Every structure is written in C-alpha cells, then in structure tokens.
file entry_36.pdb (PDB, C-alpha atoms and all ligand atoms)
ATOM      1  CA  VAL A   1     189.100  64.189  95.164
ATOM      2  CA  VAL A   2     191.696  62.650  92.873
ATOM      3  CA  ARG A   3     194.471  60.074  93.081
ATOM      4  CA  ASP A   4     197.197  62.585  92.184
ATOM      5  CA  PRO A   5     196.438  66.178  93.289
ATOM      6  CA  GLY A   6     199.741  67.332  91.744
ATOM      7  CA  LYS A   7     198.675  66.470  88.190
ATOM      8  CA  GLY A   8     197.870  69.504  86.008
ATOM      9  CA  ARG A   9     194.113  70.062  85.522
ATOM     10  CA  ASP A  10     192.102  72.500  83.497
ATOM     11  CA  LEU A  11     189.914  73.831  86.341
ATOM     12  CA  PRO A  12     188.752  77.383  87.017
ATOM     13  CA  GLY A  13     191.614  78.970  88.994
ATOM     14  CA  GLY A  14     191.189  79.088  92.760
ATOM     15  CA  THR A  15     187.558  77.975  92.818
ATOM     16  CA  VAL A  16     187.970  74.217  93.032
ATOM     17  CA  ALA A  17     189.858  72.538  95.865
ATOM     18  CA  VAL A  18     191.684  69.417  94.655
ATOM     19  CA  HIS A  19     192.977  66.872  97.152
ATOM     20  CA  SER A  20     193.195  63.136  97.722
ATOM     21  CA  ASP A  21     191.329  62.470 100.989
ATOM     22  CA  VAL A  22     187.957  60.849 100.296
ATOM     23  CA  ALA A  23     186.890  60.603 103.943
ATOM     24  CA  ALA A  24     187.716  64.271 104.643
ATOM     25  CA  ALA A  25     185.712  65.430 101.619
ATOM     26  CA  ILE A  26     182.681  63.385 102.674
ATOM     27  CA  ALA A  27     182.920  64.687 106.249
ATOM     28  CA  ASP A  28     183.298  68.320 105.117
ATOM     29  CA  PRO A  29     180.097  70.150 106.209
ATOM     30  CA  ALA A  30     180.345  72.341 103.080
ATOM     31  CA  VAL A  31     179.822  69.251 100.904
ATOM     32  CA  GLY A  32     176.127  68.621 100.323
ATOM     33  CA  VAL A  33     176.208  65.968  97.612
ATOM     34  CA  VAL A  34     178.811  63.302  96.916
ATOM     35  CA  VAL A  35     179.443  62.373  93.274
ATOM     36  CA  GLU A  36     181.144  58.980  93.012
ATOM     37  CA  LEU A  37     182.883  58.305  89.692
ATOM     38  CA  ILE A  38     185.584  55.915  90.896
ATOM     39  CA  GLY A  39     184.034  52.648  89.719
ATOM     40  CA  GLY A  40     184.437  49.213  91.287
ATOM     41  CA  THR A  41     182.866  48.072  94.525
ATOM     42  CA  THR A  42     185.585  48.506  97.182
ATOM     43  CA  THR A  43     186.765  52.124  97.627
ATOM     44  CA  ALA A  44     183.660  53.349  95.812
ATOM     45  CA  GLY A  45     181.411  51.180  98.009
ATOM     46  CA  THR A  46     182.933  52.609 101.178
ATOM     47  CA  ALA A  47     182.637  56.171  99.855
ATOM     48  CA  VAL A  48     178.981  55.802  98.835
ATOM     49  CA  GLU A  49     177.994  54.093 102.071
ATOM     50  CA  SER A  50     179.748  56.650 104.264
ATOM     51  CA  ALA A  51     178.250  59.562 102.311
ATOM     52  CA  LEU A  52     174.760  58.151 102.782
ATOM     53  CA  ARG A  53     175.445  57.479 106.490
ATOM     54  CA  ALA A  54     176.493  61.133 106.783
ATOM     55  CA  GLY A  55     173.078  62.092 105.344
ATOM     56  CA  LYS A  56     174.394  63.223 101.952
ATOM     57  CA  SER A  57     172.760  62.370  98.654
ATOM     58  CA  VAL A  58     174.949  60.517  96.190
ATOM     59  CA  VAL A  59     175.227  60.696  92.415
ATOM     60  CA  THR A  60     176.966  57.702  90.893
ATOM     61  CA  ALA A  61     177.790  56.083  87.559
ATOM     62  CA  ASN A  62     178.631  52.806  89.276
ATOM     63  CA  LYS A  63     176.577  49.962  87.784
ATOM     64  CA  ALA A  64     178.798  47.290  89.402
ATOM     65  CA  LEU A  65     178.152  48.679  92.883
ATOM     66  CA  LEU A  66     174.420  49.219  92.400
ATOM     67  CA  SER A  67     173.846  45.846  90.768
ATOM     68  CA  ALA A  68     175.654  44.193  93.710
ATOM     69  CA  ARG A  69     174.431  46.318  96.650
ATOM     70  CA  GLY A  70     171.631  48.478  95.247
ATOM     71  CA  PRO A  71     168.732  47.478  97.545
ATOM     72  CA  GLU A  72     170.871  47.882 100.687
ATOM     73  CA  LEU A  73     172.206  51.289  99.606
ATOM     74  CA  PHE A  74     168.780  52.564  98.525
ATOM     75  CA  ALA A  75     167.350  51.432 101.887
ATOM     76  CA  LEU A  76     170.135  53.308 103.697
ATOM     77  CA  ALA A  77     169.446  56.422 101.597
ATOM     78  CA  ARG A  78     165.725  56.231 102.390
ATOM     79  CA  SER A  79     166.412  55.838 106.108
ATOM     80  CA  LYS A  80     168.526  59.016 106.014
ATOM     81  CA  GLY A  81     166.037  60.997 103.906
ATOM     82  CA  VAL A  82     168.469  61.346 100.995
ATOM     83  CA  GLY A  83     168.587  59.917  97.476
ATOM     84  CA  ILE A  84     170.896  58.247  94.965
ATOM     85  CA  GLY A  85     171.067  59.600  91.406
ATOM     86  CA  PHE A  86     172.220  56.851  89.046
ATOM     87  CA  GLU A  87     171.350  57.968  85.521
ATOM     88  CA  ALA A  88     174.970  57.585  84.370
ATOM     89  CA  SER A  89     175.139  53.970  85.536
ATOM     90  CA  CYS A  90     173.285  52.684  82.497
ATOM     91  CA  ALA A  91     173.521  53.814  78.872
ATOM     92  CA  GLY A  92     175.621  56.898  79.745
ATOM     93  CA  GLY A  93     174.037  60.101  78.468
ATOM     94  CA  ILE A  94     170.682  58.549  77.476
ATOM     95  CA  PRO A  95     168.082  59.535  80.109
ATOM     96  CA  VAL A  96     166.591  56.048  80.289
ATOM     97  CA  MET A  97     166.485  55.797  84.095
ATOM     98  CA  ALA A  98     164.499  59.053  84.211
ATOM     99  CA  ALA A  99     162.201  57.692  81.491
ATOM    100  CA  LEU A 100     161.535  54.537  83.505
ATOM    101  CA  THR A 101     161.142  56.395  86.808
ATOM    102  CA  TYR A 102     159.051  59.342  85.652
ATOM    103  CA  GLY A 103     158.215  59.530  81.945
ATOM    104  CA  LEU A 104     156.759  56.046  81.564
ATOM    105  CA  VAL A 105     155.321  55.760  85.065
ATOM    106  CA  GLY A 106     151.827  55.265  83.602
ATOM    107  CA  ASN A 107     152.840  52.021  81.915
ATOM    108  CA  ARG A 108     153.395  48.428  82.799
ATOM    109  CA  ILE A 109     156.719  47.751  81.070
ATOM    110  CA  ASP A 110     156.533  44.471  79.169
ATOM    111  CA  ALA A 111     160.007  44.343  77.676
ATOM    112  CA  VAL A 112     163.379  46.049  77.676
ATOM    113  CA  VAL A 113     165.764  45.349  74.799
ATOM    114  CA  GLY A 114     169.056  47.187  74.836
ATOM    115  CA  ILE A 115     172.403  47.623  73.198
ATOM    116  CA  VAL A 116     174.027  48.845  76.396
ATOM    117  CA  ASN A 117     177.708  48.117  75.919
ATOM    118  CA  GLY A 118     179.413  50.535  73.544
ATOM    119  CA  THR A 119     182.639  48.534  73.430
ATOM    120  CA  CYS A 120     180.912  45.355  72.209
ATOM    121  CA  ASN A 121     178.803  47.313  69.760
ATOM    122  CA  PHE A 122     181.918  49.017  68.398
ATOM    123  CA  ILE A 123     183.730  45.662  68.063
ATOM    124  CA  LEU A 124     180.778  43.990  66.319
ATOM    125  CA  THR A 125     180.333  46.981  64.001
ATOM    126  CA  GLN A 126     184.008  46.908  63.013
ATOM    127  CA  MET A 127     183.844  43.138  62.386
ATOM    128  CA  THR A 128     180.617  43.474  60.373
ATOM    129  CA  ARG A 129     181.289  46.595  58.315
ATOM    130  CA  GLU A 130     185.082  46.633  58.034
ATOM    131  CA  GLY A 131     185.750  42.887  58.160
ATOM    132  CA  GLN A 132     188.166  43.445  61.063
ATOM    133  CA  SER A 133     189.364  40.554  63.234
ATOM    134  CA  TYR A 134     188.076  40.361  66.799
ATOM    135  CA  GLY A 135     191.550  41.197  68.212
ATOM    136  CA  ASP A 136     192.008  44.300  66.044
ATOM    137  CA  ALA A 137     188.519  45.534  66.888
ATOM    138  CA  VAL A 138     189.125  45.102  70.671
ATOM    139  CA  ALA A 139     192.398  47.036  70.371
ATOM    140  CA  GLY A 140     190.560  49.808  68.489
ATOM    141  CA  ALA A 141     187.917  50.087  71.235
ATOM    142  CA  GLN A 142     190.602  50.297  73.930
ATOM    143  CA  LYS A 143     192.438  52.998  71.990
ATOM    144  CA  LEU A 144     189.257  55.066  71.703
ATOM    145  CA  GLY A 145     188.744  54.789  75.465
ATOM    146  CA  PHE A 146     185.246  53.366  75.939
ATOM    147  CA  ALA A 147     186.343  49.919  77.110
ATOM    148  CA  GLU A 148     186.389  49.316  80.871
ATOM    149  CA  ALA A 149     189.847  49.257  82.542
ATOM    150  CA  ASP A 150     189.547  45.475  82.231
ATOM    151  CA  PRO A 151     187.877  44.899  78.833
ATOM    152  CA  THR A 152     186.811  41.372  79.828
ATOM    153  CA  MET A 153     184.001  43.117  81.752
ATOM    154  CA  ASP A 154     182.766  44.377  78.377
ATOM    155  CA  VAL A 155     183.380  41.431  76.050
ATOM    156  CA  SER A 156     182.163  38.807  78.541
ATOM    157  CA  GLY A 157     178.788  40.592  78.694
ATOM    158  CA  ARG A 158     179.130  41.307  82.445
ATOM    159  CA  ASP A 159     178.999  45.084  82.044
ATOM    160  CA  ALA A 160     175.785  44.706  80.033
ATOM    161  CA  ALA A 161     174.384  42.289  82.638
ATOM    162  CA  GLN A 162     175.012  44.812  85.438
ATOM    163  CA  LYS A 163     173.148  47.426  83.408
ATOM    164  CA  LEU A 164     170.311  45.006  82.645
ATOM    165  CA  ALA A 165     170.033  44.215  86.381
ATOM    166  CA  LEU A 166     169.350  47.909  87.035
ATOM    167  CA  LEU A 167     167.074  48.385  84.025
ATOM    168  CA  ALA A 168     165.040  45.275  84.860
ATOM    169  CA  SER A 169     164.739  46.126  88.562
ATOM    170  CA  LEU A 170     163.305  49.536  87.643
ATOM    171  CA  ALA A 171     161.230  48.417  84.660
ATOM    172  CA  PHE A 172     159.621  45.417  86.322
ATOM    173  CA  ASP A 173     159.473  46.717  89.931
ATOM    174  CA  THR A 174     161.433  43.802  91.225
ATOM    175  CA  ARG A 175     164.918  43.019  92.437
ATOM    176  CA  VAL A 176     167.403  41.536  90.002
ATOM    177  CA  SER A 177     171.109  41.051  90.552
ATOM    178  CA  GLU A 178     173.775  40.412  87.950
ATOM    179  CA  GLU A 179     174.258  36.750  88.811
ATOM    180  CA  GLN A 180     170.609  35.973  88.087
ATOM    181  CA  ILE A 181     171.107  36.902  84.440
ATOM    182  CA  ASN A 182     172.109  34.384  81.805
ATOM    183  CA  VAL A 183     175.187  35.944  80.177
ATOM    184  CA  GLU A 184     177.071  35.071  77.035
ATOM    185  CA  GLY A 185     179.742  37.420  75.692
ATOM    186  CA  ILE A 186     181.050  38.095  72.215
ATOM    187  CA  GLY A 187     184.455  36.395  72.611
ATOM    188  CA  GLU A 188     183.379  33.196  70.843
ATOM    189  CA  LEU A 189     182.072  34.923  67.717
ATOM    190  CA  SER A 190     184.065  34.410  64.556
ATOM    191  CA  PRO A 191     184.031  36.448  61.322
ATOM    192  CA  SER A 192     182.222  33.515  59.649
ATOM    193  CA  ASP A 193     179.302  33.773  62.165
ATOM    194  CA  ILE A 194     178.945  37.418  61.198
ATOM    195  CA  CYS A 195     179.222  36.594  57.497
ATOM    196  CA  PHE A 196     176.577  33.805  57.632
ATOM    197  CA  ALA A 197     174.249  36.025  59.665
ATOM    198  CA  GLY A 198     174.607  38.701  56.968
ATOM    199  CA  GLU A 199     173.752  36.247  54.180
ATOM    200  CA  LEU A 200     170.587  35.275  56.074
ATOM    201  CA  GLY A 201     169.521  38.927  56.488
ATOM    202  CA  TYR A 202     170.697  39.537  60.063
ATOM    203  CA  VAL A 203     173.343  41.409  61.983
ATOM    204  CA  ILE A 204     174.712  40.105  65.271
ATOM    205  CA  LYS A 205     174.274  42.457  68.245
ATOM    206  CA  LEU A 206     175.004  41.930  71.915
ATOM    207  CA  LEU A 207     171.525  42.453  73.327
ATOM    208  CA  ALA A 208     170.427  42.787  76.946
ATOM    209  CA  ILE A 209     166.860  41.530  77.045
ATOM    210  CA  GLY A 210     164.317  41.492  79.838
ATOM    211  CA  GLN A 211     160.732  40.512  79.143
ATOM    212  CA  ARG A 212     157.632  39.311  80.873
ATOM    213  CA  ALA A 213     156.891  35.723  79.878
ATOM    214  CA  SER A 214     153.666  34.184  81.265
ATOM    215  CA  GLY A 215     154.046  35.139  84.906
ATOM    216  CA  SER A 216     157.851  35.086  84.928
ATOM    217  CA  LEU A 217     160.664  37.291  83.786
ATOM    218  CA  SER A 218     163.086  36.195  81.146
ATOM    219  CA  LEU A 219     166.488  37.912  81.397
ATOM    220  CA  ARG A 220     169.529  37.397  79.257
ATOM    221  CA  VAL A 221     172.556  39.047  77.678
ATOM    222  CA  ALA A 222     173.766  37.338  74.518
ATOM    223  CA  PRO A 223     174.914  37.839  70.955
ATOM    224  CA  THR A 224     171.623  37.825  69.065
ATOM    225  CA  LEU A 225     170.484  37.706  65.440
ATOM    226  CA  VAL A 226     168.767  41.018  64.697
ATOM    227  CA  PRO A 227     166.941  41.354  61.345
ATOM    228  CA  LYS A 228     168.587  44.035  59.178
ATOM    229  CA  SER A 229     165.193  45.787  58.969
ATOM    230  CA  ASP A 230     165.046  46.253  62.795
ATOM    231  CA  VAL A 231     165.954  49.711  64.059
ATOM    232  CA  LEU A 232     168.505  48.177  66.486
ATOM    233  CA  ALA A 233     170.455  46.764  63.520
ATOM    234  CA  ASP A 234     171.413  50.324  62.564
ATOM    235  CA  VAL A 235     172.795  51.250  65.992
ATOM    236  CA  SER A 236     176.482  51.249  65.164
ATOM    237  CA  GLY A 237     179.879  51.998  66.673
ATOM    238  CA  SER A 238     179.929  52.895  70.344
ATOM    239  CA  PHE A 239     176.299  54.097  70.349
ATOM    240  CA  ASN A 240     173.755  52.547  72.725
ATOM    241  CA  ALA A 241     170.019  52.124  72.281
ATOM    242  CA  VAL A 242     167.304  50.924  74.613
ATOM    243  CA  SER A 243     163.888  49.837  73.378
ATOM    244  CA  LEU A 244     161.147  49.894  75.994
ATOM    245  CA  TYR A 245     157.718  48.390  75.408
ATOM    246  CA  GLY A 246     155.042  50.002  77.608
ATOM    247  CA  SER A 247     151.452  48.839  78.010
ATOM    248  CA  ALA A 248     150.095  52.284  77.119
ATOM    249  CA  VAL A 249     152.778  53.958  75.028
ATOM    250  CA  GLY A 250     153.877  50.912  73.022
ATOM    251  CA  HIS A 251     157.428  50.931  71.659
ATOM    252  CA  CYS A 252     159.776  53.742  72.785
ATOM    253  CA  LEU A 253     163.339  53.876  71.518
ATOM    254  CA  PHE A 254     166.121  55.720  73.347
ATOM    255  CA  TYR A 255     169.324  56.201  71.363
ATOM    256  CA  GLY A 256     172.555  57.997  72.139
ATOM    257  CA  ARG A 257     176.046  57.843  73.510
ATOM    258  CA  GLY A 258     176.409  55.292  76.286
ATOM    259  CA  ALA A 259     180.018  56.007  77.227
ATOM    260  CA  GLY A 260     182.573  58.777  77.264
ATOM    261  CA  SER A 261     183.308  61.705  79.539
ATOM    262  CA  LEU A 262     180.779  64.276  78.287
ATOM    263  CA  PRO A 263     177.805  61.894  77.857
ATOM    264  CA  THR A 264     178.489  60.646  81.406
ATOM    265  CA  ALA A 265     178.793  64.253  82.607
ATOM    266  CA  SER A 266     175.446  65.048  80.969
ATOM    267  CA  ALA A 267     173.765  62.351  83.074
ATOM    268  CA  VAL A 268     175.640  63.357  86.247
ATOM    269  CA  VAL A 269     174.584  67.019  85.930
ATOM    270  CA  SER A 270     170.979  65.941  85.376
ATOM    271  CA  ASP A 271     171.147  63.885  88.578
ATOM    272  CA  LEU A 272     172.737  66.807  90.473
ATOM    273  CA  VAL A 273     169.899  69.107  89.442
ATOM    274  CA  GLN A 274     167.306  66.570  90.576
ATOM    275  CA  VAL A 275     169.083  66.154  93.911
ATOM    276  CA  ALA A 276     169.203  69.953  94.297
ATOM    277  CA  LEU A 277     165.486  70.215  93.531
ATOM    278  CA  GLY A 278     164.769  67.554  96.143
ATOM    279  CA  THR A 279     163.112  65.262  93.597
ATOM    280  CA  THR A 280     165.504  62.315  93.944
ATOM    281  CA  ALA A 281     165.006  61.655  97.649
ATOM    282  CA  LEU A 282     161.296  62.387  97.455
ATOM    283  CA  ALA A 283     160.690  60.112  94.473
ATOM    284  CA  GLN A 284     162.790  57.305  95.854
ATOM    285  CA  ARG A 285     160.978  57.432  99.171
ATOM    286  CA  SER A 286     157.476  57.820  97.760
ATOM    287  CA  MET A 287     157.786  55.544  94.737
ATOM    288  CA  ALA A 288     159.908  52.835  96.382
ATOM    289  CA  VAL A 289     162.525  53.025  93.617
ATOM    290  CA  LEU A 290     164.685  49.902  93.820
ATOM    291  CA  ALA A 291     163.070  49.034  97.145
ATOM    292  CA  ASN A 292     161.202  45.942  96.173
ATOM    293  CA  GLU A 293     161.714  42.359  97.106
ATOM    294  CA  PRO A 294     161.962  39.950  94.161
ATOM    295  CA  SER A 295     158.330  39.863  93.037
ATOM    296  CA  THR A 296     158.243  37.945  89.783
ATOM    297  CA  PRO A 297     159.945  34.554  89.374
ATOM    298  CA  LEU A 298     162.765  34.405  86.861
ATOM    299  CA  LEU A 299     162.576  31.900  84.052
ATOM    300  CA  PRO A 300     165.251  29.223  84.708
ATOM    301  CA  PHE A 301     168.250  29.428  82.365
ATOM    302  CA  ASP A 302     167.441  26.076  80.741
ATOM    303  CA  ARG A 303     164.010  27.336  79.686
ATOM    304  CA  LEU A 304     165.283  30.448  77.913
ATOM    305  CA  MET A 305     164.833  30.164  74.167
ATOM    306  CA  ALA A 306     166.284  32.633  71.704
ATOM    307  CA  ARG A 307     167.789  33.010  68.281
TER     308      ARG A 307
HETATM  309  N1  LIG B   1     182.644  50.080  79.026
HETATM  310  C1  LIG B   1     181.322  50.612  78.950
HETATM  311  C2  LIG B   1     180.825  50.483  77.521
HETATM  312  C3  LIG B   1     181.358  52.054  79.391
HETATM  313  O1  LIG B   1     181.623  50.168  76.639
HETATM  314  O2  LIG B   1     179.646  50.656  77.263
HETATM  315  C4  LIG B   1     180.039  52.622  79.797
HETATM  316  O3  LIG B   1     179.435  51.907  80.827
END
call {"tool": "encode", "arguments": {"input": "entry_36.pdb", "output": "structure tokens"}}
result
Amino acid sequence: VVRDPGKGRDLPGGTVAVHSDVAAAIADPAVGVVVELIGGTTTAGTAVESALRAGKSVVTANKALLSARGPELFALARSKGVGIGFEASCAGGIPVMAALTYGLVGNRIDAVVGIVNGTCNFILTQMTREGQSYGDAVAGAQKLGFAEADPTMDVSGRDAAQKLALLASLAFDTRVSEEQINVEGIGELSPSDICFAGELGYVIKLLAIGQRASGSLSLRVAPTLVPKSDVLADVSGSFNAVSLYGSAVGHCLFYGRGAGSLPTASAVVSDLVQVALGTTALAQRSMAVLANEPSTPLLPFDRLMAR
C-alpha cells in the first residue's frame, strides 16, 4: 500500500498488487501479516490497531508508536493470539531486540549503553574528524537520507529516547515511556566543546543509557564524554552500537547499521520469518514481552549524575 500507486516501482511484474487503500489491504483475507513502515503515530497507529483487531500479526519499525502505545498494543495482540515484530524499531539491522528477548534470556541485564541515532552519530563524527560546523554536518546527514523527515526528532535526542524506552522496557522487564527519560540533544554543542573533549582524551557521543542503580533505574539520553580508548568511541558515521551488560555473559557489544532501507529490510524479514514460524506470538504470550507494569522506580532527573 503506497501513497501514489501510479509511481514507477521496480517490483516483479504482475506478482505484487500496488494500491493506496490501507483499510482494504488489512481487511483482505489473503493478507496474513501486516507490515507497517509508515512511521508516526496517527495513520500508522490506526493501521496497526486495526490489523491486530482483525487478528493479524504486525511487523513494524515504528519506535514512536511503540514507545507511546506499546503496552496497549501488545496487550491487544496477546488477546487476539497474534504478535508484534519490532526488531527494526531500534538500531535498524542490528538484531538487538532478538538478543534481549531470546539470546540473553538467561541474564539479568544491568546496563544498556547505546549509540542509537545514526544521524547524531554522523553529525558528531563529521564535527570531530572533519572539523565541520554543526549546520553543514546536519545538511550532510539529510542529504544521505538517514535523518528523520523532521531532523529535530534526531538532533533533540527524542528519536534516541524512543529507542531507549523500548530497549529499557525489554532489558529491565518494566514499562518505560519516552517522557520518563531525561533527554538532552546535540544542538547546543559547539566545535570548541568537541575540541576541548579531544584534548582531554575524550570524544563526545550521544549516548542512550539505562542502568540499574541501587534499586532504581537511571535513564538518560545526552551528549556524553567517552574515553578515546572505549570501543564506543570508534563507532563512527551513521553506524549504531549497543552495549549490553548481562549478569552471566558480562559485556556484549552489538554493532551495525541502524538506519537505511536494506538494514531496516533485514530486520523486517527476520521478524516476518519469526511470525511465520509462530515464535513471535508464542514468545510474547509466554514471556510477557512488554507486558509488565512499571516495576522498578526511576531515578528522579535531579539525581542523575553523569559526565
Ligand atoms: N533517523 C534515525 C537515525 C533513523 O538517524 O538513526 C533510524 O531510526
């Protein structure tokens, strides 16, 4: 389903029906799974909700929708015996949601530290390595196509906060929404901040951090001083990386492309296969994925301390 069915597309001739009616596609009995890649919370929200109501599993890349309405939509999916695949909603092609759901299930996760916004990482890399101005670096990111339609979602840190809300909800078996996260973007950084950080042995990265802190959870997205010797300091350009700290496995690092059509497609196909196998609905029902009430108190913003 596309906005403009008349636009030329490179699709296998005669095998793919292209039209513009979302409701008709969802109602079509031949459609077993609905893949939502619209973005935003309005049209996409209606599409996802009506697909689930019709008893169809959904695969989505929509972090804004899930961070705003995740628990309600997951509850609806469970009540209908279907599932929601959402690997592409965070860190694009990196299978970090699968790692948290399945691979690291034997661990208590103590911390999540991520570079989860490719646009900000690209901008900071250009400012650090090429000495570019903030404005030129933003324009470069838009030209290369990984910025959101409205790049303020990226540079304000909100996109990263939506991703951290999902990562933290899964990692810490709790319920976190975007507005509970202390967010600071990269718009106030100047070339001299980056230069001074470099002289002191650091690079500045926009980090999304969730960690257990004596009975509470500390959650924040902010430009952060990362020692040049830290592996995250070398994550450059539009690449993403997520460090997970598990009680049994210790430090695990996931690195890869967090944006772009093919990395997103990689995650979407993985979700489709899991839906087809029946794993998504089964796991989400049996393991209460994103089903929990807020279980751990969040550290108040004024008690967060960081470099
Ligand atoms: N605008 C996002 C980014 C795209 O730059 O990381 C992927 O969510």
call {"tool": "atom_distance", "arguments": {"input": "entry_36.pdb", "atom1": "CA of Ala161 in chain A", "atom2": "atom C1 of ligand LIG 1 (chain B)"}}
result
11.4 Å
call {"tool": "atom_distance", "arguments": {"input": "entry_36.pdb", "atom1": "CA of Ile115 in chain A", "atom2": "CA of Gln211 in chain A"}}
result
14.9 Å
call {"tool": "resolve_selection", "arguments": {"input": "entry_36.pdb", "expression": "the PyMOL selection byres (((chain A and resi 219) around 7) and not hetatm)", "output": "JSON, numbers by chain"}}
result
{"A": [181, 182, 209, 210, 211, 217, 218, 220]}
call {"tool": "write_last_selection", "arguments": {"input": "entry_36.pdb", "atoms": "C-alpha atoms", "output": "compact mmCIF listing (two decimals), keeping the file's coordinate frame"}}
result
# COMPACT_ATOMS: atom_id res chain seq x y z
CA ILE A 181 171.11 36.90 84.44
CA ASN A 182 172.11 34.38 81.81
CA ILE A 209 166.86 41.53 77.04
CA GLY A 210 164.32 41.49 79.84
CA GLN A 211 160.73 40.51 79.14
CA LEU A 217 160.66 37.29 83.79
CA SER A 218 163.09 36.20 81.15
CA ARG A 220 169.53 37.40 79.26
call {"tool": "atom_distance", "arguments": {"input": "entry_36.pdb", "atom1": "CA of Asp136 in chain A", "atom2": "CA of Glu148 in chain A"}}
result
16.6 Å
call {"tool": "resolve_selection", "arguments": {"input": "entry_36.pdb", "expression": "the PyMOL selection byres (((not hetatm)) within 8 of (chain B and resi 1))", "output": "ChimeraX atom specification"}}
result
/A:63,89-92,116-121,146-148,151,153-154,159-160,238,240,258-260
call {"tool": "decode", "arguments": {"input": "entry_36.pdb", "residues": "range 260-275 of chain A", "atoms": "N, CA, C and O atoms", "output": "short mmCIF file (atom, residue, chain, number, x, y, z; two decimals), in the first residue's frame"}}
result
data_model
loop_
_atom_site.label_atom_id
_atom_site.label_comp_id
_atom_site.auth_asym_id
_atom_site.auth_seq_id
_atom_site.Cartn_x
_atom_site.Cartn_y
_atom_site.Cartn_z
N GLY A 260 18.56 3.11 7.23
CA GLY A 260 18.72 2.84 5.80
C GLY A 260 17.79 1.73 5.37
O GLY A 260 17.35 0.91 6.17
N SER A 261 17.49 1.70 4.06
CA SER A 261 16.44 0.79 3.59
C SER A 261 16.82 -0.69 3.76
O SER A 261 16.02 -1.47 4.29
N LEU A 262 18.02 -1.09 3.36
CA LEU A 262 18.33 -2.53 3.44
C LEU A 262 18.57 -3.03 4.87
O LEU A 262 18.09 -4.11 5.22
N PRO A 263 19.27 -2.26 5.73
CA PRO A 263 19.35 -2.70 7.13
C PRO A 263 17.96 -2.83 7.77
O PRO A 263 17.69 -3.80 8.50
N THR A 264 17.06 -1.89 7.46
CA THR A 264 15.69 -1.99 8.01
C THR A 264 15.01 -3.22 7.44
O THR A 264 14.36 -4.00 8.16
N ALA A 265 15.19 -3.44 6.12
CA ALA A 265 14.58 -4.62 5.48
C ALA A 265 15.10 -5.91 6.10
O ALA A 265 14.35 -6.88 6.29
N SER A 266 16.38 -5.92 6.46
CA SER A 266 16.97 -7.12 7.08
C SER A 266 16.21 -7.47 8.36
O SER A 266 15.86 -8.63 8.61
N ALA A 267 15.93 -6.44 9.17
CA ALA A 267 15.21 -6.67 10.43
C ALA A 267 13.75 -7.05 10.18
O ALA A 267 13.19 -7.93 10.85
N VAL A 268 13.14 -6.44 9.17
CA VAL A 268 11.73 -6.73 8.86
C VAL A 268 11.58 -8.18 8.40
O VAL A 268 10.66 -8.90 8.82
N VAL A 269 12.50 -8.64 7.54
CA VAL A 269 12.40 -10.02 7.05
C VAL A 269 12.60 -11.00 8.20
O VAL A 269 11.90 -12.02 8.31
N SER A 270 13.53 -10.66 9.11
CA SER A 270 13.73 -11.54 10.27
C SER A 270 12.44 -11.64 11.10
O SER A 270 12.03 -12.73 11.51
N ASP A 271 11.79 -10.50 11.30
CA ASP A 271 10.51 -10.52 12.03
C ASP A 271 9.45 -11.34 11.29
O ASP A 271 8.66 -12.07 11.91
N LEU A 272 9.41 -11.19 9.94
CA LEU A 272 8.40 -11.92 9.16
C LEU A 272 8.59 -13.43 9.31
O LEU A 272 7.62 -14.19 9.44
N VAL A 273 9.86 -13.86 9.31
CA VAL A 273 10.13 -15.29 9.44
C VAL A 273 9.68 -15.77 10.83
O VAL A 273 9.05 -16.83 10.96
N GLN A 274 9.95 -14.96 11.84
CA GLN A 274 9.54 -15.38 13.20
C GLN A 274 8.02 -15.40 13.35
O GLN A 274 7.47 -16.26 14.05
N VAL A 275 7.34 -14.48 12.68
CA VAL A 275 5.87 -14.51 12.70
C VAL A 275 5.39 -15.77 11.99
O VAL A 275 4.52 -16.49 12.48
#
